[in-house]
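Student: The following file, start19.csv, comprises CSV, C-alpha atoms:
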chain,number,residue,atom,x,y,z
A,53,MET,CA,160.2,56.1,160.4
A,54,THR,CA,161.5,54.1,163.3
A,55,ALA,CA,160.9,50.4,164.0
A,56,GLU,CA,158.7,51.4,166.9
A,57,ASP,CA,156.5,53.4,164.5
A,58,ASN,CA,156.1,50.4,162.3
A,59,LYS,CA,155.1,48.2,165.1
A,60,LEU,CA,152.6,50.8,166.3
A,61,GLN,CA,151.1,50.9,162.8
A,62,GLU,CA,150.9,47.2,162.6
A,63,LEU,CA,149.1,47.1,166.0
A,64,LEU,CA,146.7,49.8,165.0
A,65,ARG,CA,145.8,48.0,161.8
A,66,LYS,CA,145.1,44.8,163.7
A,67,ASN,CA,142.9,46.6,166.3
A,68,HIS,CA,140.8,48.4,163.7
A,69,PRO,CA,138.5,45.7,162.5
A,70,THR,CA,136.6,46.2,159.2
A,71,PRO,CA,132.9,45.7,159.8
A,72,ALA,CA,131.2,43.0,157.9
A,73,LEU,CA,128.7,44.1,155.3
A,74,PRO,CA,125.1,43.3,156.0
A,75,PRO,CA,123.6,40.4,154.0
A,76,GLN,CA,122.7,41.2,150.4
A,77,PHE,CA,124.3,44.6,150.7
A,78,GLN,CA,125.3,44.9,147.0
A,79,GLN,CA,121.8,43.8,145.8
A,80,ASN,CA,120.2,46.3,148.0
A,81,VAL,CA,122.4,49.1,146.7
A,82,TRP,CA,121.5,48.3,143.1
A,83,ARG,CA,117.8,48.0,144.0
A,84,ARG,CA,117.9,51.6,145.4
A,85,ILE,CA,119.8,52.9,142.4
A,86,GLU,CA,117.2,51.3,140.1
A,87,GLY,CA,114.4,52.8,142.2
A,88,ALA,CA,115.8,56.3,141.8
A,89,LYS,CA,115.8,55.9,138.0
A,90,VAL,CA,112.0,55.4,137.9
A,91,PRO,CA,110.4,58.6,136.3
A,92,ALA,CA,108.3,60.7,138.7
A,93,ASN,CA,104.6,60.5,138.4
A,94,PRO,CA,102.5,63.5,137.4
A,95,ALA,CA,101.6,64.3,141.0
A,96,SER,CA,105.2,64.8,141.8
A,97,TRP,CA,105.5,67.3,138.9
A,98,LEU,CA,102.6,69.2,140.2
A,99,ASP,CA,104.2,69.2,143.6
A,100,ALA,CA,107.5,70.4,142.1
A,101,ILE,CA,105.7,73.3,140.3
A,102,ALA,CA,103.8,74.2,143.5
A,103,GLU,CA,107.0,74.2,145.4
A,104,LEU,CA,108.6,76.5,142.7
A,105,ILE,CA,105.6,78.9,142.9
A,106,LEU,CA,105.9,79.2,146.6
A,107,ARG,CA,109.6,80.2,146.5
A,108,PRO,CA,109.5,84.0,147.2
A,109,ARG,CA,112.2,84.8,144.6
A,110,PHE,CA,110.2,83.0,141.9
A,111,ALA,CA,106.9,84.5,143.0
A,112,VAL,CA,108.3,88.1,143.0
A,113,ALA,CA,110.0,87.7,139.6
A,114,ALA,CA,106.9,86.2,138.0
A,115,ALA,CA,104.7,89.0,139.4
A,116,GLY,CA,107.2,91.6,138.2
A,117,ILE,CA,107.3,90.1,134.7
A,118,LEU,CA,103.5,90.0,134.5
A,119,LEU,CA,103.2,93.6,135.8
A,120,LEU,CA,105.7,94.8,133.2
A,121,ALA,CA,104.0,92.8,130.4
A,122,GLY,CA,100.6,94.2,131.4
A,123,ILE,CA,101.8,97.8,131.5
A,124,SER,CA,103.6,97.5,128.1
A,125,ALA,CA,100.6,95.9,126.4
A,126,GLY,CA,98.2,98.4,128.0
A,127,MET,CA,100.3,101.3,126.8
A,128,LEU,CA,100.5,100.0,123.3
A,129,GLU,CA,96.8,99.3,123.2
A,130,GLY,CA,96.1,102.8,124.7
A,131,ARG,CA,98.2,104.5,122.0
A,132,GLN,CA,96.5,102.5,119.3
A,133,LEU,CA,93.1,103.6,120.6
A,134,VAL,CA,94.1,107.2,120.7
A,135,ARG,CA,95.4,106.9,117.1
A,136,ASN,CA,92.2,105.3,116.0
A,137,ASP,CA,90.1,108.0,117.6
A,138,ALA,CA,92.2,110.7,115.9
A,139,GLN,CA,91.9,108.9,112.6
A,140,MET,CA,88.1,108.8,112.9
A,141,ASN,CA,88.0,112.5,113.7
A,142,TYR,CA,90.1,113.3,110.6
A,143,LEU,CA,88.0,111.1,108.4
A,144,ALA,CA,84.8,112.6,109.7
A,145,SER,CA,86.1,116.0,108.8
A,146,VAL,CA,87.3,115.3,105.3
A,147,VAL,CA,84.9,112.6,104.0
A,148,PRO,CA,81.5,114.1,103.2
A,149,HIS,CA,78.4,112.5,104.9
A,150,ALA,CA,77.0,112.1,101.4
A,151,LEU,CA,79.7,109.6,100.5
A,152,ARG,CA,79.6,107.6,103.7
B,261,MET,CA,91.5,68.8,146.2
B,262,ASN,CA,95.2,68.3,145.9
B,263,ARG,CA,97.1,71.1,147.7
B,264,SER,CA,99.6,71.5,144.8
B,265,LEU,CA,96.7,71.9,142.4
B,266,VAL,CA,95.1,74.6,144.6
B,267,ILE,CA,98.4,76.4,144.7
B,268,LEU,CA,98.8,76.2,140.9
B,269,ILE,CA,95.2,77.4,140.2
B,270,GLY,CA,95.6,80.2,142.8
B,271,ALA,CA,98.9,81.3,141.3
B,272,LEU,CA,97.4,81.4,137.8
B,273,ALA,CA,94.4,83.4,139.0
B,274,LEU,CA,96.7,85.9,140.8
B,275,GLY,CA,98.9,86.1,137.7
B,276,ALA,CA,96.0,86.8,135.5
B,277,ALA,CA,94.7,89.5,137.9
B,278,ILE,CA,98.1,91.2,138.0
B,279,PHE,CA,98.3,91.2,134.2
B,280,ALA,CA,94.8,92.4,133.7
B,281,GLY,CA,95.0,95.0,136.4
B,282,SER,CA,98.2,96.5,135.0
B,283,PHE,CA,97.0,96.3,131.4
B,284,PHE,CA,93.7,98.1,132.0
B,285,THR,CA,95.3,100.7,134.3
B,286,ALA,CA,98.1,101.4,131.8
B,287,ARG,CA,95.6,101.6,128.9
B,288,HIS,CA,93.4,104.0,130.7
B,289,THR,CA,96.3,106.2,131.8
B,290,THR,CA,97.8,106.2,128.3
B,291,MET,CA,94.5,107.2,126.8
B,292,ILE,CA,94.1,110.1,129.2
B,293,CYS,CA,97.7,111.2,128.8
B,294,CYS,CA,97.9,111.0,125.0
B,295,GLU,CA,94.5,112.5,124.5
B,296,GLN,CA,94.9,115.7,122.4
B,297,PRO,CA,92.5,118.6,122.3
B,298,ALA,CA,89.8,118.1,119.8
B,299,ASP,CA,91.6,118.8,116.5
B,300,ASP,CA,90.6,117.2,113.3
B,301,LEU,CA,94.2,117.2,112.0
B,302,ASN,CA,95.7,115.6,115.1
B,303,TRP,CA,95.9,112.2,113.4
B,304,LEU,CA,98.2,113.7,110.6
B,305,ARG,CA,100.6,114.9,113.3
B,306,LEU,CA,100.5,111.6,115.2
B,307,GLU,CA,100.7,109.2,112.2
B,308,PHE,CA,103.0,111.1,109.9
B,309,HIS,CA,105.2,113.0,112.3
B,310,LEU,CA,104.8,116.3,110.6
B,311,SER,CA,106.5,119.5,111.6
B,312,ASP,CA,104.7,122.6,112.8
B,313,THR,CA,105.3,124.3,109.4
B,314,GLU,CA,103.9,121.3,107.5
B,315,MET,CA,101.0,121.2,109.8
B,316,ALA,CA,100.2,124.9,109.3
B,317,HIS,CA,100.3,124.4,105.6
B,318,LEU,CA,98.0,121.4,105.8
B,319,ARG,CA,95.6,123.2,108.1
B,320,GLU,CA,95.4,126.0,105.5
B,321,MET,CA,94.6,123.4,102.8
B,322,HIS,CA,92.1,121.7,105.0
B,323,GLU,CA,90.3,124.9,105.8
B,324,GLY,CA,90.2,125.8,102.1
B,325,TYR,CA,88.7,122.4,101.3
B,326,LEU,CA,85.9,122.3,103.9
B,327,PRO,CA,83.7,125.1,102.4
B,328,GLN,CA,83.9,123.6,98.9
B,329,CYS,CA,83.0,120.2,100.3
B,330,GLY,CA,80.2,121.8,102.4
B,331,GLU,CA,78.7,123.5,99.3
B,332,LEU,CA,78.6,120.3,97.4
B,333,CYS,CA,77.1,118.4,100.3
B,334,GLN,CA,74.4,121.1,100.4
B,335,LYS,CA,73.6,120.5,96.7
B,336,ILE,CA,73.5,116.8,97.3
B,337,ALA,CA,71.2,117.1,100.2
B,338,GLU,CA,68.9,119.4,98.1
B,339,ALA,CA,68.9,116.9,95.2
B,340,LYS,CA,68.1,114.0,97.6
B,341,ARG,CA,65.2,116.0,99.0
B,342,ALA,CA,63.9,116.8,95.5
B,343,LEU,CA,64.3,113.1,94.4
B,344,ALA,CA,62.4,112.0,97.5
B,345,ALA,CA,59.6,114.5,96.8
B,346,ILE,CA,59.1,113.3,93.2
B,347,GLN,CA,59.3,109.7,94.2
B,348,THR,CA,56.6,110.0,96.7
B,349,GLY,CA,53.5,108.2,95.4
B,350,ALA,CA,55.3,107.4,92.1
B,351,THR,CA,54.9,103.8,91.0
B,352,ASN,CA,57.1,104.0,87.8
B,353,LEU,CA,60.6,105.2,87.1
B,354,THR,CA,59.7,108.3,85.2
B,355,SER,CA,62.1,110.4,83.2
B,356,GLU,CA,62.0,113.1,85.8
B,357,ILE,CA,63.0,110.6,88.5
B,358,GLN,CA,65.8,109.3,86.3
B,359,ALA,CA,67.1,112.8,85.6
B,360,LYS,CA,67.1,113.6,89.3
B,361,GLN,CA,68.9,110.3,90.0
B,362,ASN,CA,71.5,111.2,87.4
B,363,GLU,CA,71.9,114.6,88.8
B,364,LEU,CA,72.4,113.2,92.3
B,365,ALA,CA,75.0,110.7,91.0
B,366,ALA,CA,76.9,113.4,89.1
B,367,LEU,CA,77.0,115.5,92.3
B,368,ARG,CA,78.2,112.6,94.3
B,369,ALA,CA,80.9,111.8,91.7
B,370,GLN,CA,82.0,115.4,91.8
B,371,CYS,CA,82.1,115.3,95.6
B,372,GLN,CA,84.2,112.2,95.5
B,373,SER,CA,86.5,113.6,92.8
B,374,ASN,CA,87.1,116.7,94.9
B,375,MET,CA,87.8,114.6,98.0
B,376,VAL,CA,90.4,112.5,96.1
B,377,ALA,CA,91.9,115.7,94.7
B,378,HIS,CA,92.2,117.0,98.2
B,379,PHE,CA,93.9,113.8,99.4
B,380,VAL,CA,96.4,114.1,96.5
B,381,ALA,CA,97.1,117.7,97.3
B,382,VAL,CA,97.6,116.9,100.9
B,383,SER,CA,99.9,114.0,100.1
B,384,GLN,CA,102.0,116.3,97.8
B,385,ALA,CA,102.4,118.7,100.7
B,386,MET,CA,103.9,116.0,102.9
B,387,PRO,CA,107.4,114.5,102.6
B,388,PRO,CA,107.3,112.0,99.7
B,389,GLU,CA,107.3,108.8,101.7
B,390,GLN,CA,104.7,110.0,104.2
B,391,GLY,CA,102.7,111.4,101.4
B,392,GLN,CA,102.5,108.1,99.6
B,393,ARG,CA,101.6,106.4,102.8
B,394,TYR,CA,98.9,109.0,103.5
B,395,LEU,CA,97.4,108.7,100.0
B,396,ALA,CA,97.3,104.9,100.2
B,397,GLU,CA,95.7,104.9,103.6
B,398,MET,CA,93.1,107.5,102.6
B,399,LYS,CA,92.2,105.6,99.4
B,400,ARG,CA,91.9,102.4,101.5
B,401,LEU,CA,89.7,104.0,104.0
B,402,THR,CA,87.4,105.9,101.7
B,403,LEU,CA,87.4,104.1,98.3
B,404,GLY,CA,88.3,100.7,99.6
B,405,THR,CA,84.7,99.9,100.8
B,406,ASN,CA,83.2,100.8,97.4
B,407,GLU,CA,85.8,98.6,95.6
B,408,LEU,CA,85.0,95.7,97.9
B,409,MET,CA,81.3,96.1,97.2
B,410,GLU,CA,81.9,96.3,93.4
B,411,GLN,CA,84.1,93.3,93.5
B,412,SER,CA,81.6,91.2,95.4
B,413,MET,CA,78.7,92.4,93.1
B,414,SER,CA,80.7,91.6,89.9
B,415,GLY,CA,82.0,88.3,91.3
B,416,ASP,CA,85.6,89.5,90.6
B,417,THR,CA,87.6,88.5,93.6
B,418,GLY,CA,90.8,89.7,92.1
B,419,HIS,CA,92.1,86.1,91.8
B,420,GLU,CA,92.6,84.4,88.5
B,421,HIS,CA,91.3,80.8,88.3
B,422,HIS,CA,93.2,78.5,85.9
B,423,HIS,CA,91.4,75.5,84.8
Translate this structure into structure tokens?
Tutor:
Amino acid sequence: MTAEDNKLQELLRKNHPTPALPPQFQQNVWRRIEGAKVPANPASWLDAIAELILRPRFAVAAAGILLLAGISAGMLEGRQLVRNDAQMNYLASVVPHALR
Amino acid sequence: MNRSLVILIGALALGAAIFAGSFFTARHTTMICCEQPADDLNWLRLEFHLSDTEMAHLREMHEGYLPQCGELCQKIAEAKRALAAIQTGATNLTSEIQAKQNELAALRAQCQSNMVAHFVAVSQAMPPEQGQRYLAEMKRLTLGTNELMEQSMSGDTGHEHHH
């Protein structure tokens, strides 16, 4: 680095003034930090849930899960009903009316 | 009303409708698909996963049991009719009525005994594990009700009370 460069740097530093901070800058920063720590009220939770529901990815995933759960439960229930009917038919054929 | 609350309620209702719709549709479809032709022994095939050979053997036993059972049921029906006839207008428990009641009870006992013997024979014709399960299930379904009634009448709940 040459002597001219040093001079130029010195000149630039002098001509680049540091702006003065506004009054009570530090207090205001801390106040905003404290404000951010305050827990959200219930209304904001509801808003957050509503916002989540309205996201297309979430809505499609939830609908898909519910659809699959409904189909699985329905198939299990259907099989059980068929089995129960078959059991009743068998019982009706082997257990005499006189003993029922 | 709050917009977020409306969205939440709407989403819950839509979710419930999706679940219920898919549940009932799947149940109905499964029932139609799995429905077998009217066969009394279909339950044995479904529940105990029996082979065609085992099913053929059981069918033979089943068809052999039905006429015996029908014959006894006929006798029971006749005894009931006779008992009803002699009870008509009777105000006392005559020896004739008692004799008919005993006859009816004996026929019912024989019928039950034949039924249990058939269950035992069927269970022995199945693979051992399935046979045990079948016998336990049939006893529960046919004799279990009587046992419950007897227990409730005798006050024996099957639990011991230590004082």
Student: Name the residues in contact with region 129-144 of chain A at a cut-off of 10 Å, using only C-alpha atoms, excluding same-chain residues fewer than 4 positions from it; report them as number ranges by chain.
Tutor: A: 123-125, 148-149, 152; B: 283-296, 298-307, 398, 401-402
Student: Determine, counting all atoms listed in the file, which protein, DNA and RNA residues have an atom within 12 Å of an atom of Asn262 (chain B); residues of the same chain fewer than 3 positions away are not included. Present the result as a PyMOL selection string.
Tutor: (chain A and resi 95-96+98-99+102) or (chain B and resi 265-269)
Student: For a quick check of understanding, using only C-alpha atoms, which of B:Ile336, B:Ala345, B:Arg263, B:Phe308 has the smallest distance to Glu397 (chain B)?
Tutor: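 Closest to Glu397 (chain B) of all the choices is B:Phe308.
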Student: Name all residues at most 12 Å from region 360-362 of chain B (count all atoms listed in the file; drop same-chain ones fewer than 3 positions away) and give them as a PyMOL selection string.
Tutor: chain B and resi 336+338-347+353-357+365-369
Student: What does the structure give for the distance between CA of Pro327 (chain B) and CA of Ala381 (chain B), in Å to one decimal?
Tutor: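 These atoms are spaced 16.1 Å apart.
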Student: Between A:Val146, A:Leu106, A:Ile117, A:Met127, which is the closest to Ala271 (chain B) once you count all atoms listed in the file?
Tutor: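 Using all atoms listed in the file, Ala271 (chain B) sits closest to A:Leu106.
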Student: For CA of Glu320 (chain B) and CA of Gly404 (chain B), determine how far apart the two atoms are, in Å to one decimal place.
Tutor: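 Taking CA of Glu320 (chain B) as the start and CA of Gly404 (chain B) as the end point, the length is 26.9 Å.
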Student: Measure the distance from CA of Arg109 (chain A) to CA of Ala280 (chain B) in Å and round it to one decimal.
Tutor: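 We find that CA of Arg109 (chain A) and CA of Ala280 (chain B) lie 21.9 Å from each other.
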Student: Of the candidates B:Gln384, B:Leu403, B:Arg393, B:Ala359, which shows the shortest atom-to-atom distance to chain A, using all atoms listed in the file?
Tutor: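 Checking each of B:Gln384, B:Leu403, B:Arg393, B:Ala359 against chain A, counting all atoms listed in the file, the winner is B:Leu403.
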Student: Around (95.5, 90.4, 132.2), as given in the file, which residues come within 10 Å? Count all atoms listed in the file and list them as an NGL selection string.
Tutor: (:A and (118-119 or 121-123 or 125-126)) or (:B and (273-284))
Student: Of the residues B:Ala396, B:Leu310, B:Leu318, B:Leu332, which is the one nearest to chain A, using all atoms listed in the file?
Tutor: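 So, comparing all the options, the nearest one is B:Leu332.
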Student: Please determine, counting all atoms listed in the file, which residue among B:Val382, B:Asn352, B:Pro388, B:Arg400 has the shortest atom-to-atom distance to His317 (chain B).
Tutor: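 Of B:Val382, B:Asn352, B:Pro388, B:Arg400, the one nearest His317 (chain B), counting all atoms listed in the file, is B:Val382.
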Student: Atoms are missing here; could region 54-65 of chain A be completed with N, CA, C and O atoms and written as a PDB file, in the frame of the given file?
Tutor:
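The resulting rebuild29.pdb:
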ATOM      1  N   THR A  54     160.733  55.010 162.434  1.00  0.00           N
ATOM      2  CA  THR A  54     161.500  54.100 163.300  1.00  0.00           C
ATOM      3  C   THR A  54     160.811  52.719 163.296  1.00  0.00           C
ATOM      4  O   THR A  54     159.678  52.590 162.821  1.00  0.00           O
ATOM      5  N   ALA A  55     161.512  51.749 163.850  1.00  0.00           N
ATOM      6  CA  ALA A  55     160.900  50.400 164.000  1.00  0.00           C
ATOM      7  C   ALA A  55     159.762  50.387 164.888  1.00  0.00           C
ATOM      8  O   ALA A  55     158.800  49.638 164.694  1.00  0.00           O
ATOM      9  N   GLU A  56     159.827  51.269 165.891  1.00  0.00           N
ATOM     10  CA  GLU A  56     158.700  51.400 166.900  1.00  0.00           C
ATOM     11  C   GLU A  56     157.429  51.872 166.183  1.00  0.00           C
ATOM     12  O   GLU A  56     156.335  51.404 166.455  1.00  0.00           O
ATOM     13  N   ASP A  57     157.652  52.822 165.294  1.00  0.00           N
ATOM     14  CA  ASP A  57     156.500  53.400 164.500  1.00  0.00           C
ATOM     15  C   ASP A  57     155.844  52.262 163.713  1.00  0.00           C
ATOM     16  O   ASP A  57     154.607  52.160 163.630  1.00  0.00           O
ATOM     17  N   ASN A  58     156.675  51.465 163.098  1.00  0.00           N
ATOM     18  CA  ASN A  58     156.100  50.400 162.300  1.00  0.00           C
ATOM     19  C   ASN A  58     155.327  49.405 163.104  1.00  0.00           C
ATOM     20  O   ASN A  58     154.256  48.950 162.692  1.00  0.00           O
ATOM     21  N   LYS A  59     155.818  49.133 164.237  1.00  0.00           N
ATOM     22  CA  LYS A  59     155.100  48.200 165.100  1.00  0.00           C
ATOM     23  C   LYS A  59     153.760  48.787 165.559  1.00  0.00           C
ATOM     24  O   LYS A  59     152.745  48.103 165.598  1.00  0.00           O
ATOM     25  N   LEU A  60     153.839  50.091 165.856  1.00  0.00           N
ATOM     26  CA  LEU A  60     152.600  50.800 166.300  1.00  0.00           C
ATOM     27  C   LEU A  60     151.548  50.734 165.157  1.00  0.00           C
ATOM     28  O   LEU A  60     150.369  50.440 165.403  1.00  0.00           O
ATOM     29  N   GLN A  61     152.037  50.964 163.972  1.00  0.00           N
ATOM     30  CA  GLN A  61     151.100  50.900 162.800  1.00  0.00           C
ATOM     31  C   GLN A  61     150.500  49.570 162.637  1.00  0.00           C
ATOM     32  O   GLN A  61     149.298  49.430 162.387  1.00  0.00           O
ATOM     33  N   GLU A  62     151.300  48.566 162.757  1.00  0.00           N
ATOM     34  CA  GLU A  62     150.900  47.200 162.600  1.00  0.00           C
ATOM     35  C   GLU A  62     149.784  46.867 163.668  1.00  0.00           C
ATOM     36  O   GLU A  62     148.740  46.268 163.366  1.00  0.00           O
ATOM     37  N   LEU A  63     150.077  47.331 164.890  1.00  0.00           N
ATOM     38  CA  LEU A  63     149.100  47.100 166.000  1.00  0.00           C
ATOM     39  C   LEU A  63     147.797  47.797 165.762  1.00  0.00           C
ATOM     40  O   LEU A  63     146.730  47.229 165.984  1.00  0.00           O
ATOM     41  N   LEU A  64     147.905  49.022 165.298  1.00  0.00           N
ATOM     42  CA  LEU A  64     146.700  49.800 165.000  1.00  0.00           C
ATOM     43  C   LEU A  64     145.840  49.102 163.940  1.00  0.00           C
ATOM     44  O   LEU A  64     144.615  49.035 164.013  1.00  0.00           O
ATOM     45  N   ARG A  65     146.499  48.643 162.877  1.00  0.00           N
ATOM     46  CA  ARG A  65     145.800  48.000 161.800  1.00  0.00           C
ATOM     47  C   ARG A  65     145.039  46.752 162.271  1.00  0.00           C
ATOM     48  O   ARG A  65     143.918  46.498 161.890  1.00  0.00           O
TER      49      ARG A  65
END
